[in-house]
$ cat target.txt   # compact mmCIF, C-alpha atoms
# COMPACT_ATOMS: atom_id res chain seq x y z
CA MET K 1 -40.49 -30.57 8.44
CA THR K 2 -44.00 -31.79 9.07
CA GLN K 3 -45.62 -31.25 5.70
CA ALA K 4 -44.55 -31.75 2.13
CA GLY K 5 -47.05 -29.67 0.17
CA ALA K 6 -47.17 -28.87 -3.52
CA SER K 7 -44.39 -26.29 -3.21
CA ALA K 8 -42.09 -28.54 -1.25
CA PRO K 9 -38.64 -26.98 -1.25
CA ALA K 10 -36.48 -28.06 -4.15
CA THR K 11 -33.24 -26.77 -2.70
CA ALA K 12 -30.31 -29.07 -2.38
CA GLY K 13 -29.60 -28.00 1.19
CA PRO K 14 -31.25 -28.98 4.46
CA PRO K 15 -35.07 -29.09 4.32
CA VAL K 16 -36.73 -25.69 4.60
CA PRO K 17 -39.63 -25.60 7.05
CA VAL K 18 -42.52 -23.81 5.35
CA ASP K 19 -45.71 -24.14 7.35
CA ALA K 20 -48.90 -25.29 5.68
CA SER K 21 -50.83 -22.03 6.10
CA VAL K 22 -52.00 -20.26 2.96
CA ARG K 23 -50.05 -17.20 4.02
CA ALA K 24 -46.74 -19.07 4.30
CA GLN K 25 -47.34 -21.07 1.13
CA ARG K 26 -48.07 -17.91 -0.85
CA ALA K 27 -44.97 -16.27 0.57
CA TRP K 28 -42.86 -19.28 -0.34
CA ALA K 29 -44.12 -19.07 -3.92
CA LEU K 30 -43.48 -15.33 -4.08
CA LEU K 31 -39.92 -15.72 -2.81
CA ASP K 32 -39.17 -17.59 -6.01
CA GLU K 33 -39.65 -14.26 -7.80
CA VAL K 34 -37.51 -12.10 -5.50
CA LEU K 35 -34.12 -11.87 -7.16
CA ASP K 36 -30.63 -11.71 -5.71
CA PRO K 37 -29.53 -8.12 -6.36
CA GLU K 38 -25.96 -9.15 -7.23
CA VAL K 39 -26.78 -12.18 -9.35
CA PRO K 40 -30.23 -11.26 -10.69
CA ALA K 41 -30.48 -14.52 -12.63
CA LEU K 42 -31.23 -16.26 -9.34
CA SER K 43 -34.19 -16.01 -7.01
CA LEU K 44 -33.61 -16.15 -3.28
CA ARG K 45 -35.01 -19.67 -3.32
CA ASP K 46 -32.68 -20.77 -6.11
CA LEU K 47 -29.80 -19.47 -4.04
CA GLY K 48 -30.93 -21.51 -1.04
CA ILE K 49 -30.80 -18.66 1.45
CA VAL K 50 -34.47 -18.80 2.53
CA ARG K 51 -34.36 -21.13 5.51
CA GLY K 52 -37.91 -20.96 6.82
CA VAL K 53 -41.32 -19.33 6.40
CA ALA K 54 -43.94 -19.39 9.16
CA ASP K 55 -47.22 -17.64 9.83
CA GLU K 56 -46.88 -16.46 13.40
CA GLY K 57 -50.14 -14.58 13.49
CA ASP K 58 -48.98 -11.05 14.22
CA ALA K 59 -46.26 -11.40 11.59
CA LEU K 60 -44.99 -13.60 8.81
CA ALA K 61 -41.59 -14.86 9.93
CA VAL K 62 -38.97 -15.38 7.26
CA VAL K 63 -35.55 -16.81 8.09
CA LEU K 64 -32.63 -15.93 5.81
CA THR K 65 -29.03 -17.16 5.90
CA PRO K 66 -26.31 -14.79 4.68
CA THR K 67 -24.00 -16.06 1.94
CA TYR K 68 -20.71 -14.35 2.91
CA SER K 69 -19.88 -12.59 6.21
CA GLY K 70 -19.24 -9.35 4.37
CA CYS K 71 -21.88 -9.64 1.67
CA PRO K 72 -23.04 -6.05 1.14
CA ALA K 73 -26.33 -7.30 -0.32
CA THR K 74 -27.57 -8.91 2.89
CA GLU K 75 -29.49 -5.87 4.10
CA ALA K 76 -30.85 -5.15 0.62
CA ILE K 77 -32.08 -8.74 0.33
CA ALA K 78 -33.85 -8.55 3.70
CA ARG K 79 -35.50 -5.31 2.58
CA SER K 80 -36.62 -6.73 -0.75
CA VAL K 81 -38.21 -9.70 1.03
CA VAL K 82 -40.21 -7.40 3.28
CA GLU K 83 -41.25 -5.19 0.37
CA ALA K 84 -42.31 -8.07 -1.89
CA LEU K 85 -44.34 -9.87 0.78
CA GLU K 86 -45.96 -6.74 2.17
CA ALA K 87 -46.86 -5.58 -1.34
CA ALA K 88 -48.71 -8.89 -1.73
CA GLY K 89 -50.67 -8.21 1.45
CA LEU K 90 -48.90 -10.88 3.49
CA GLY K 91 -47.32 -8.50 5.98
CA PRO K 92 -46.29 -7.50 8.46
CA VAL K 93 -43.10 -9.45 7.81
CA ARG K 94 -40.38 -10.22 10.29
CA VAL K 95 -37.01 -11.23 8.81
CA THR K 96 -34.40 -12.91 10.97
CA LEU K 97 -30.86 -13.76 9.92
CA GLN K 98 -29.64 -17.19 10.90
CA ARG K 99 -25.94 -18.03 10.72
CA ALA K 100 -25.97 -21.72 11.56
CA PRO K 101 -25.77 -23.93 9.65
CA ALA K 102 -23.54 -21.87 7.40
CA TRP K 103 -24.74 -21.41 3.84
CA SER K 104 -23.00 -23.46 1.19
CA THR K 105 -23.10 -23.28 -2.60
CA ASP K 106 -24.20 -26.91 -2.39
CA TRP K 107 -27.59 -25.44 -1.43
CA ILE K 108 -28.10 -23.77 -4.81
CA SER K 109 -30.95 -25.62 -6.54
CA ASP K 110 -30.61 -27.48 -9.84
CA ALA K 111 -32.84 -24.84 -11.45
CA GLY K 112 -30.51 -22.20 -10.03
CA ARG K 113 -27.48 -23.90 -11.56
CA ARG K 114 -29.18 -23.99 -14.95
CA LYS K 115 -30.11 -20.31 -14.67
CA LEU K 116 -26.55 -19.41 -13.71
CA ARG K 117 -25.16 -21.18 -16.77
CA ASP K 118 -27.72 -19.52 -19.05
CA TYR K 119 -26.75 -16.17 -17.55
CA GLY K 120 -23.07 -16.78 -18.41
CA ILE K 121 -21.81 -17.73 -14.96
CA ALA K 122 -20.26 -21.18 -14.50
CA PRO K 123 -22.08 -22.78 -11.56
CA PRO K 124 -20.11 -24.05 -8.56
CA GLY K 125 -19.02 -27.66 -8.37
CA PRO K 126 -19.55 -29.58 -5.14
CA VAL K 127 -17.70 -28.20 -2.14
CA ASP K 128 -14.36 -29.96 -1.87
CA PRO K 129 -14.41 -32.14 1.25
CA ALA K 130 -10.62 -31.68 1.43
CA ALA K 131 -11.01 -27.91 1.70
CA GLY K 132 -10.07 -28.16 5.35
CA ALA K 133 -6.73 -29.74 4.52
CA PRO K 134 -3.51 -27.73 4.70
CA VAL K 135 -2.71 -25.32 1.91
CA ARG K 136 -2.64 -26.78 -1.56
CA LEU K 137 0.41 -25.45 -3.30
CA VAL K 138 -0.52 -24.61 -6.84
CA ARG K 139 2.31 -23.94 -9.21
CA ARG K 140 1.64 -21.21 -11.73
CA ALA K 141 1.81 -23.68 -14.60
CA ALA K 142 -0.22 -26.38 -12.91
CA PRO K 143 -3.73 -26.88 -14.27
CA ALA K 144 -6.38 -25.85 -11.79
CA ALA K 145 -9.63 -27.78 -11.38
CA THR K 146 -11.64 -27.73 -14.58
CA VAL K 147 -14.51 -25.28 -14.90
CA ALA K 148 -16.50 -25.66 -18.11
CA CYS K 149 -17.19 -22.54 -20.17
CA PRO K 150 -20.87 -21.59 -19.73
CA ARG K 151 -20.98 -20.32 -23.34
CA CYS K 152 -19.40 -23.05 -25.48
CA GLY K 153 -19.05 -25.85 -22.93
CA SER K 154 -15.33 -26.30 -23.50
CA ALA K 155 -13.32 -27.62 -20.57
CA GLN K 156 -10.27 -25.75 -21.83
CA THR K 157 -10.45 -22.74 -19.52
CA GLU K 158 -8.07 -20.87 -17.28
CA ARG K 159 -8.50 -18.86 -14.12
CA LEU K 160 -7.62 -15.20 -14.43
CA SER K 161 -8.39 -14.18 -10.88
CA ALA K 162 -9.50 -15.97 -7.72
CA PHE K 163 -11.77 -13.06 -6.87
CA GLY K 164 -14.27 -11.51 -9.28
CA SER K 165 -16.72 -8.64 -9.31
CA THR K 166 -18.23 -9.96 -6.09
CA ALA K 167 -16.71 -12.05 -3.31
CA CYS K 168 -18.65 -15.12 -4.43
CA LYS K 169 -17.21 -15.26 -7.94
CA ALA K 170 -13.87 -15.86 -9.66
CA LEU K 171 -12.88 -14.69 -13.13
CA TYR K 172 -12.08 -17.20 -15.89
CA ARG K 173 -11.32 -17.21 -19.60
CA CYS K 174 -12.28 -19.84 -22.14
CA LEU K 175 -9.36 -20.93 -24.30
CA ALA K 176 -11.70 -22.30 -26.98
CA CYS K 177 -14.15 -19.45 -27.60
CA ARG K 178 -11.86 -16.82 -26.00
CA GLU K 179 -14.70 -15.32 -23.98
CA PRO K 180 -14.15 -14.33 -20.36
CA PHE K 181 -16.70 -15.60 -17.86
CA GLU K 182 -17.39 -15.71 -14.16
CA HIS K 183 -17.42 -18.78 -11.95
CA PHE K 184 -19.53 -19.03 -8.82
CA LYS K 185 -16.97 -20.39 -6.32
CA PRO K 186 -17.85 -23.45 -4.26
CA ILE K 187 -17.89 -22.49 -0.60
CA MET X 1 -15.89 15.22 19.13
CA THR X 2 -17.81 12.27 20.54
CA ALA X 3 -16.54 10.96 23.85
CA SER X 4 -15.03 7.49 23.82
CA ILE X 5 -16.99 4.61 25.29
CA GLN X 6 -15.81 2.69 28.33
CA ILE X 7 -15.60 -1.01 27.69
CA ASP X 8 -15.77 -4.10 29.83
CA ARG X 9 -12.23 -5.53 30.00
CA SER X 10 -13.19 -8.96 31.30
CA PRO X 11 -11.17 -11.85 29.85
CA ALA X 12 -14.08 -13.13 27.75
CA GLN X 13 -14.65 -9.68 26.26
CA GLN X 14 -10.97 -9.22 25.53
CA TYR X 15 -10.86 -12.62 23.86
CA LEU X 16 -13.71 -11.67 21.53
CA LEU X 17 -12.28 -8.23 20.85
CA ARG X 18 -8.88 -9.69 19.95
CA LEU X 19 -10.57 -11.71 17.26
CA GLY X 20 -12.91 -8.98 16.03
CA ASP X 21 -10.17 -6.33 16.07
CA THR X 22 -7.76 -8.57 14.15
CA CYS X 23 -10.34 -8.83 11.36
CA LEU X 24 -11.31 -5.16 11.53
CA ILE X 25 -7.83 -3.67 11.46
CA LEU X 26 -6.48 -5.98 8.76
CA GLY X 27 -9.64 -5.27 6.74
CA GLN X 28 -8.97 -1.55 7.09
CA ARG X 29 -5.35 -2.01 5.98
CA LEU X 30 -6.36 -4.05 2.94
CA GLY X 31 -8.95 -1.45 2.06
CA GLU X 32 -6.10 1.03 1.56
CA TRP X 33 -5.23 -0.88 -1.60
CA CYS X 34 -8.57 -0.07 -3.21
CA GLY X 35 -7.77 1.50 -6.57
CA HIS X 36 -3.99 1.13 -6.08
CA ALA X 37 -3.05 -2.53 -6.40
CA PRO X 38 -0.44 -3.45 -9.04
CA ILE X 39 -3.01 -5.18 -11.25
CA ILE X 40 -6.79 -4.93 -11.33
CA GLU X 41 -7.32 -8.58 -10.41
CA GLU X 42 -5.39 -8.03 -7.19
CA ASP X 43 -7.20 -4.78 -6.52
CA ILE X 44 -10.41 -6.79 -6.59
CA ALA X 45 -8.95 -9.66 -4.57
CA LEU X 46 -7.54 -7.48 -1.79
CA THR X 47 -10.73 -5.48 -1.43
CA ASN X 48 -12.90 -8.60 -1.53
CA MET X 49 -10.83 -10.04 1.29
CA ALA X 50 -11.15 -6.73 3.13
CA LEU X 51 -14.91 -7.04 2.74
CA ASP X 52 -14.90 -10.56 4.18
CA LEU X 53 -12.75 -9.42 7.12
CA VAL X 54 -14.91 -6.41 7.88
CA GLY X 55 -17.98 -8.65 7.66
CA GLN X 56 -16.42 -11.07 10.14
CA ALA X 57 -15.50 -8.15 12.40
CA ARG X 58 -19.08 -6.88 12.28
CA ALA X 59 -20.40 -10.26 13.39
CA VAL X 60 -17.90 -10.64 16.23
CA LEU X 61 -18.21 -7.04 17.46
CA THR X 62 -22.00 -7.17 17.34
CA HIS X 63 -21.85 -10.32 19.43
CA ALA X 64 -19.27 -8.92 21.87
CA GLY X 65 -21.15 -5.65 22.21
CA ARG X 66 -24.48 -7.26 23.05
CA ALA X 67 -23.33 -8.03 26.58
CA GLN X 68 -22.20 -4.44 27.07
CA GLY X 69 -25.08 -2.65 25.39
CA TYR X 70 -22.96 -1.42 22.48
CA ASP X 71 -23.46 -2.03 18.79
CA GLU X 72 -20.79 -2.88 16.22
CA ASP X 73 -20.36 0.76 15.17
CA GLN X 74 -19.85 2.01 18.71
CA LEU X 75 -17.19 -0.63 19.31
CA ALA X 76 -15.42 0.12 16.03
CA PHE X 77 -15.62 3.88 16.04
CA LEU X 78 -15.80 5.02 19.65
CA ARG X 79 -13.15 2.96 21.40
CA ASP X 80 -9.79 4.42 22.33
CA GLU X 81 -6.56 2.90 21.12
CA ARG X 82 -5.82 1.08 24.39
CA ASP X 83 -9.16 -0.71 24.12
CA PHE X 84 -8.27 -2.38 20.82
CA PHE X 85 -6.73 -5.82 21.25
CA ASN X 86 -5.51 -6.82 17.80
CA PRO X 87 -1.97 -8.16 17.53
CA THR X 88 0.53 -5.58 16.31
CA LEU X 89 1.13 -7.52 13.10
CA VAL X 90 -2.16 -6.39 11.54
CA GLU X 91 -1.82 -2.70 12.40
CA LEU X 92 1.59 -2.28 10.74
CA PRO X 93 1.38 -0.18 7.60
CA ASN X 94 1.40 -1.88 4.20
CA ALA X 95 5.06 -0.90 3.87
CA LEU X 96 7.76 -0.68 6.52
CA GLY X 97 11.01 1.28 6.67
CA GLY X 98 13.02 1.67 3.52
CA HIS X 99 10.09 1.35 1.16
CA ALA X 100 10.18 4.38 -1.09
CA ARG X 101 7.81 3.51 -3.89
CA PRO X 102 4.68 5.53 -4.50
CA GLY X 103 1.28 4.08 -3.64
CA PRO X 104 -0.21 2.63 -0.49
CA GLY X 105 2.49 0.08 0.20
CA ASP X 106 4.62 -2.91 -0.50
CA PHE X 107 2.72 -5.71 -2.23
CA ALA X 108 5.17 -8.36 -0.97
CA LEU X 109 4.65 -7.35 2.64
CA THR X 110 0.89 -7.16 2.12
CA VAL X 111 0.50 -10.67 0.70
CA LEU X 112 2.97 -12.19 3.16
CA ARG X 113 1.08 -10.68 6.09
CA ASN X 114 -2.17 -11.93 4.58
CA PHE X 115 -0.70 -15.41 4.46
CA LEU X 116 0.53 -15.33 8.07
CA VAL X 117 -2.76 -13.95 9.38
CA ALA X 118 -5.06 -16.09 7.21
CA THR X 119 -3.22 -19.20 8.40
CA LEU X 120 -3.75 -18.06 11.99
CA LEU X 121 -7.41 -17.21 11.47
CA LYS X 122 -8.10 -20.44 9.64
CA GLY X 123 -6.79 -22.36 12.64
CA LEU X 124 -8.67 -20.16 15.05
CA TRP X 125 -12.02 -20.35 13.22
CA THR X 126 -11.63 -24.12 12.93
CA ARG X 127 -11.36 -24.45 16.69
CA LEU X 128 -14.04 -21.85 17.35
CA CYS X 129 -16.57 -23.99 15.46
CA GLU X 130 -16.54 -26.01 18.71
CA SER X 131 -16.96 -22.99 20.99
CA SER X 132 -19.28 -23.26 23.98
CA ASP X 133 -20.65 -19.92 22.76
CA ALA X 134 -23.16 -20.98 20.08
CA GLU X 135 -23.21 -17.61 18.33
CA LEU X 136 -19.42 -17.52 18.10
CA ALA X 137 -19.44 -21.09 16.73
CA ALA X 138 -21.93 -20.05 14.05
CA ILE X 139 -19.83 -17.02 13.06
CA ALA X 140 -16.76 -19.28 12.89
CA ALA X 141 -18.39 -21.88 10.64
CA LYS X 142 -19.06 -19.19 8.04
CA ALA X 143 -15.76 -17.34 8.43
CA LEU X 144 -13.73 -20.53 8.14
CA LYS X 145 -14.89 -21.04 4.55
CA GLU X 146 -13.72 -17.53 3.69
CA ALA X 147 -10.39 -17.83 5.52
CA ARG X 148 -9.54 -20.91 3.43
CA TYR X 149 -9.79 -18.88 0.25
CA HIS X 150 -7.74 -16.07 1.78
CA GLN X 151 -4.99 -18.43 2.84
CA GLN X 152 -4.87 -20.20 -0.50
CA HIS X 153 -4.73 -16.95 -2.42
CA ALA X 154 -2.00 -15.45 -0.23
CA ALA X 155 0.03 -18.68 -0.28
CA ASP X 156 -0.07 -18.70 -4.09
CA TRP X 157 1.46 -15.22 -4.12
CA VAL X 158 4.12 -16.02 -1.52
CA LEU X 159 5.14 -18.93 -3.72
CA ARG X 160 5.08 -16.98 -6.98
CA LEU X 161 7.08 -14.07 -5.66
CA GLY X 162 9.42 -16.01 -3.37
CA ASP X 163 10.22 -18.46 -6.14
CA GLY X 164 9.99 -15.87 -8.91
CA THR X 165 12.62 -13.46 -10.18
CA ASP X 166 15.67 -12.35 -8.20
CA GLU X 167 13.94 -9.06 -7.51
CA SER X 168 10.63 -10.59 -6.37
CA HIS X 169 12.53 -13.05 -4.18
CA ARG X 170 14.61 -10.30 -2.64
CA ARG X 171 11.54 -8.25 -1.80
CA MET X 172 9.58 -11.19 -0.40
CA GLN X 173 12.53 -12.18 1.79
CA ALA X 174 12.83 -8.55 2.96
CA ALA X 175 9.14 -8.57 3.92
CA LEU X 176 9.63 -11.78 5.86
CA ASP X 177 12.63 -10.28 7.66
CA GLN X 178 10.52 -7.28 8.61
CA LEU X 179 7.40 -9.12 9.76
CA TRP X 180 8.85 -12.14 11.54
CA ARG X 181 9.55 -10.30 14.80
CA TYR X 182 5.81 -9.67 15.19
CA VAL X 183 4.95 -13.38 15.05
CA PRO X 184 5.82 -14.49 18.65
CA GLU X 185 3.17 -12.17 20.06
CA LEU X 186 0.48 -14.16 18.27
CA PHE X 187 1.20 -17.24 20.35
CA GLU X 188 1.94 -15.76 23.75
CA ALA X 189 -0.08 -17.40 26.50
CA ASP X 190 -1.80 -15.13 29.00
CA ALA X 191 -4.72 -14.95 31.42
CA VAL X 192 -7.21 -13.94 28.71
CA ASP X 193 -6.50 -17.03 26.62
CA GLU X 194 -6.32 -19.20 29.72
CA ALA X 195 -9.81 -18.15 30.79
CA ALA X 196 -11.20 -18.69 27.30
CA ALA X 197 -9.72 -22.17 27.11
CA ALA X 198 -10.92 -23.08 30.60
CA GLY X 199 -14.48 -21.96 29.86
CA GLY X 200 -14.65 -23.57 26.42
CA LEU X 201 -15.03 -20.21 24.69
CA GLY X 202 -12.07 -20.88 22.42
CA PRO X 203 -8.50 -22.13 22.19
CA ARG X 204 -5.41 -20.46 23.54
CA TRP X 205 -3.76 -18.91 20.51
CA ALA X 206 -0.61 -20.66 21.76
CA ASP X 207 -2.32 -23.98 21.06
CA LEU X 208 -2.49 -23.07 17.38
CA GLN X 209 1.23 -22.46 17.03
CA ALA X 210 2.50 -25.91 16.04
CA ASP X 211 -0.05 -26.33 13.28
CA TRP X 212 0.45 -22.74 12.10
CA ARG X 213 4.20 -23.16 11.96
CA ALA X 214 3.96 -26.41 9.99
CA GLN X 215 1.78 -24.80 7.31
CA VAL X 216 3.87 -21.64 7.13
CA ASP X 217 7.15 -23.54 6.98
CA GLU X 218 5.88 -25.69 4.13
CA VAL X 219 4.99 -22.69 1.98
CA LEU X 220 8.11 -20.71 2.88
CA ALA X 221 10.33 -23.70 2.05
CA GLU X 222 8.62 -24.19 -1.27
CA ALA X 223 9.02 -20.48 -1.98
CA GLY X 224 12.73 -20.54 -1.11
CA LEU X 225 12.27 -18.13 1.80
CA THR X 226 14.02 -18.42 5.15
CA PRO X 227 12.63 -16.98 8.38
CA PRO X 228 15.21 -14.88 10.24
CA ALA X 229 16.50 -15.98 13.63
CA ASP X 230 14.08 -15.40 16.50
CA SER X 231 14.67 -12.22 18.46
CA SER X 232 13.79 -11.25 22.01
CA PHE X 233 11.59 -8.41 20.76
CA ARG X 234 7.91 -8.74 21.75
CA SER X 235 5.10 -6.66 20.37
CA THR X 236 2.13 -6.07 22.66
CA GLY X 237 -0.96 -5.22 20.59
CA ARG X 238 -3.04 -8.04 22.05
CA ARG X 239 -2.64 -6.36 25.44
CA GLY X 240 -3.88 -3.06 24.03
CA VAL X 241 -0.42 -1.49 23.86
CA HIS X 242 0.11 -0.52 20.25
CA THR X 243 2.70 0.93 17.90
CA GLU X 244 2.64 4.50 16.67
CA HIS X 245 0.85 3.25 13.53
CA MET X 246 -2.34 2.41 15.39
CA GLY X 247 -3.27 6.00 16.16
CA TYR X 248 -3.14 6.92 12.49
CA ILE X 249 -5.27 4.02 11.36
CA LEU X 250 -7.88 4.77 14.05
CA ALA X 251 -7.86 8.45 13.17
CA GLU X 252 -8.71 7.63 9.59
CA MET X 253 -11.24 4.96 10.49
CA GLN X 254 -12.99 6.86 13.29
CA GLN X 255 -12.81 10.46 12.18
CA LEU X 256 -16.21 10.59 10.51
CA GLN X 257 -18.17 9.08 13.40
CA ARG X 258 -16.31 11.25 15.89
CA ALA X 259 -17.04 14.41 13.93
CA TYR X 260 -20.62 13.49 12.95
CA PRO X 261 -21.90 11.25 15.78
CA GLY X 262 -24.35 8.66 14.50
CA GLY X 263 -23.93 9.88 10.93
CA ALA X 264 -25.43 7.47 8.39
CA TRP X 265 -25.82 7.41 4.65
$ encode --input "target.txt" --output "structure tokens"
Amino acid sequence: MTQAGASAPATAGPPVPVDASVRAQRAWALLDEVLDPEVPALSLRDLGIVRGVADEGDALAVVLTPTYSGCPATEAIARSVVEALEAAGLGPVRVTLQRAPAWSTDWISDAGRRKLRDYGIAPPGPVDPAAGAPVRLVRRAAPAATVACPRCGSAQTERLSAFGSTACKALYRCLACREPFEHFKPI
Amino acid sequence: MTASIQIDRSPAQQYLLRLGDTCLILGQRLGEWCGHAPIIEEDIALTNMALDLVGQARAVLTHAGRAQGYDEDQLAFLRDERDFFNPTLVELPNALGGHARPGPGDFALTVLRNFLVATLLKGLWTRLCESSDAELAAIAAKALKEARYHQQHAADWVLRLGDGTDESHRRMQAALDQLWRYVPELFEADAVDEAAAAGGLGPRWADLQADWRAQVDEVLAEAGLTPPADSSFRSTGRRGVHTEHMGYILAEMQQLQRAYPGGAW
């Protein structure tokens, strides 16, 4: 990245190259208002999936990284980026999908984590560096890693299901306030 | 009906199609559970894993097809049975002989197969992160994260049911007895794998066997399950020679695109 700029990326992931042109800077600001269709508490920037914005003259080039291989929202997200930027007169827009490096929940911004919690979804913890180790055998009765309840903050929670309403979430229940909640899985 | 496409059967293409077809066909099988799993949490889990697998298949088939001028849909929907290279294990129905319960299948067999295949794919994706093919390496880095969750989830179930009640143990052991004969095919060395290893495209599947077996044995032992004795039977799906089940799964998967070529919605 050659410039910092007032809207320097605040994502936790690798630096996002946003060129210094007015067009790219405006687009970068606007992308903080384009929401993830499946977790509409988060903007695409909060999620950390915008990986580059550049004014290439004939088009504004936006690089996105998909979250999950099978995420059904990927195409919808690409479309909403084009629509939002073209509506603001920044088009034509060219979106490219970039697989490497693979997206990680570690790239979700601090603001994004706050918004998730306010929305009732427990944010992901850091990705476990031992995730590549052989299978962890988890006995039914064994306590799983603690996920704090986003409503009451209690650490007394239990996992109901490893997979939730979308591939990126798991379903939990708080044993203190008895409310169910979703957890954004670290990946 | 739309005519089938002719594919390039070079070793590198077959290597990619083996991987993509493994994901595609298992994803299709898991999709059969949609709305039918024993509990809603598992309905969601099985279909979420199906979604991951179909997403991985899309990426691999798109990549494989680029060299041949085909897109992911053409490769999925317009290939004939002999041009699919998934191992037989993933095309088997969700229940095998003797299963007489209503619904799409046997949950024990389904989760055990998921465990065997997720352990294989986790090992494969790990090695493919180092592929000389940069696009394949990028697909692998993403898919590996997903395969870890699949393996963990399936292993939890193998443990719970294997080490559960007498009935759950009996049914999990029966599933193991039924599926084990399809395992040796996964690790058979052949010219396709040899070429991939020589060119740096990816590992021989045979090279994954020791690590696979160690992980599988650990979980089976903990679950109180015993693999049956090895038999001389060899399935041949990875060579494109499939069981009678493959035609049915392709008929269901391909029917719409064959009847309404290029149909979209």
$ closest_atom_pairs --input "target.txt" --of "chain K" --to "chain X" --cutoff "6 Å" --atoms "all atoms listed in the file" --output "tab-separated table"
residue	atom	partner	partner_atom	distance
K:Ser69	CA	X:Gly55	CA	4.6
K:Gly70	CA	X:Gly55	CA	3.6
K:Arg99	CA	X:Ala138	CA	5.6
K:Ala100	CA	X:Ala138	CA	5.0
K:Ala102	CA	X:Lys142	CA	5.3
K:Ser161	CA	X:Glu41	CA	5.7
K:Phe163	CA	X:Ala45	CA	5.0
K:Ala167	CA	X:Asn48	CA	5.4
$ atom_distance --input "target.txt" --atom1 "CA of Ala24 (chain K)" --atom2 "CA of Val53 (chain K)"
5.8 Å
$ residues_around --input "target.txt" --residues "region 112-118 of chain K" --least-positions-apart "4" --cutoff "7 Å" --atoms "only C-alpha atoms" --output "ChimeraX atom specification"
/K:41-42,46-47,108,122-123,150
$ write_last_selection --input "target.txt" --atoms "C-alpha atoms" --output "mmCIF file, in the coordinates of the input"
data_model
loop_
_atom_site.group_PDB
_atom_site.id
_atom_site.type_symbol
_atom_site.label_atom_id
_atom_site.label_comp_id
_atom_site.auth_asym_id
_atom_site.auth_seq_id
_atom_site.Cartn_x
_atom_site.Cartn_y
_atom_site.Cartn_z
ATOM 1 C CA ALA K 41 -30.480 -14.520 -12.630
ATOM 2 C CA LEU K 42 -31.230 -16.260 -9.340
ATOM 3 C CA ASP K 46 -32.680 -20.770 -6.110
ATOM 4 C CA LEU K 47 -29.800 -19.470 -4.040
ATOM 5 C CA ILE K 108 -28.100 -23.770 -4.810
ATOM 6 C CA ALA K 122 -20.260 -21.180 -14.500
ATOM 7 C CA PRO K 123 -22.080 -22.780 -11.560
ATOM 8 C CA PRO K 150 -20.870 -21.590 -19.730
#
$ atom_distance --input "target.txt" --atom1 "CA of Ile25 (chain X)" --atom2 "CA of Asn94 (chain X)"
11.9 Å
$ closest_residue --input "target.txt" --among "X:Glu81, X:Glu72, X:Asp133, X:Asp190" --to "His245 (chain X)" --atoms "only C-alpha atoms"
X:Glu81
$ atom_distance --input "target.txt" --atom1 "CA of Val241 (chain X)" --atom2 "CA of Trp33 (chain X)"
25.9 Å
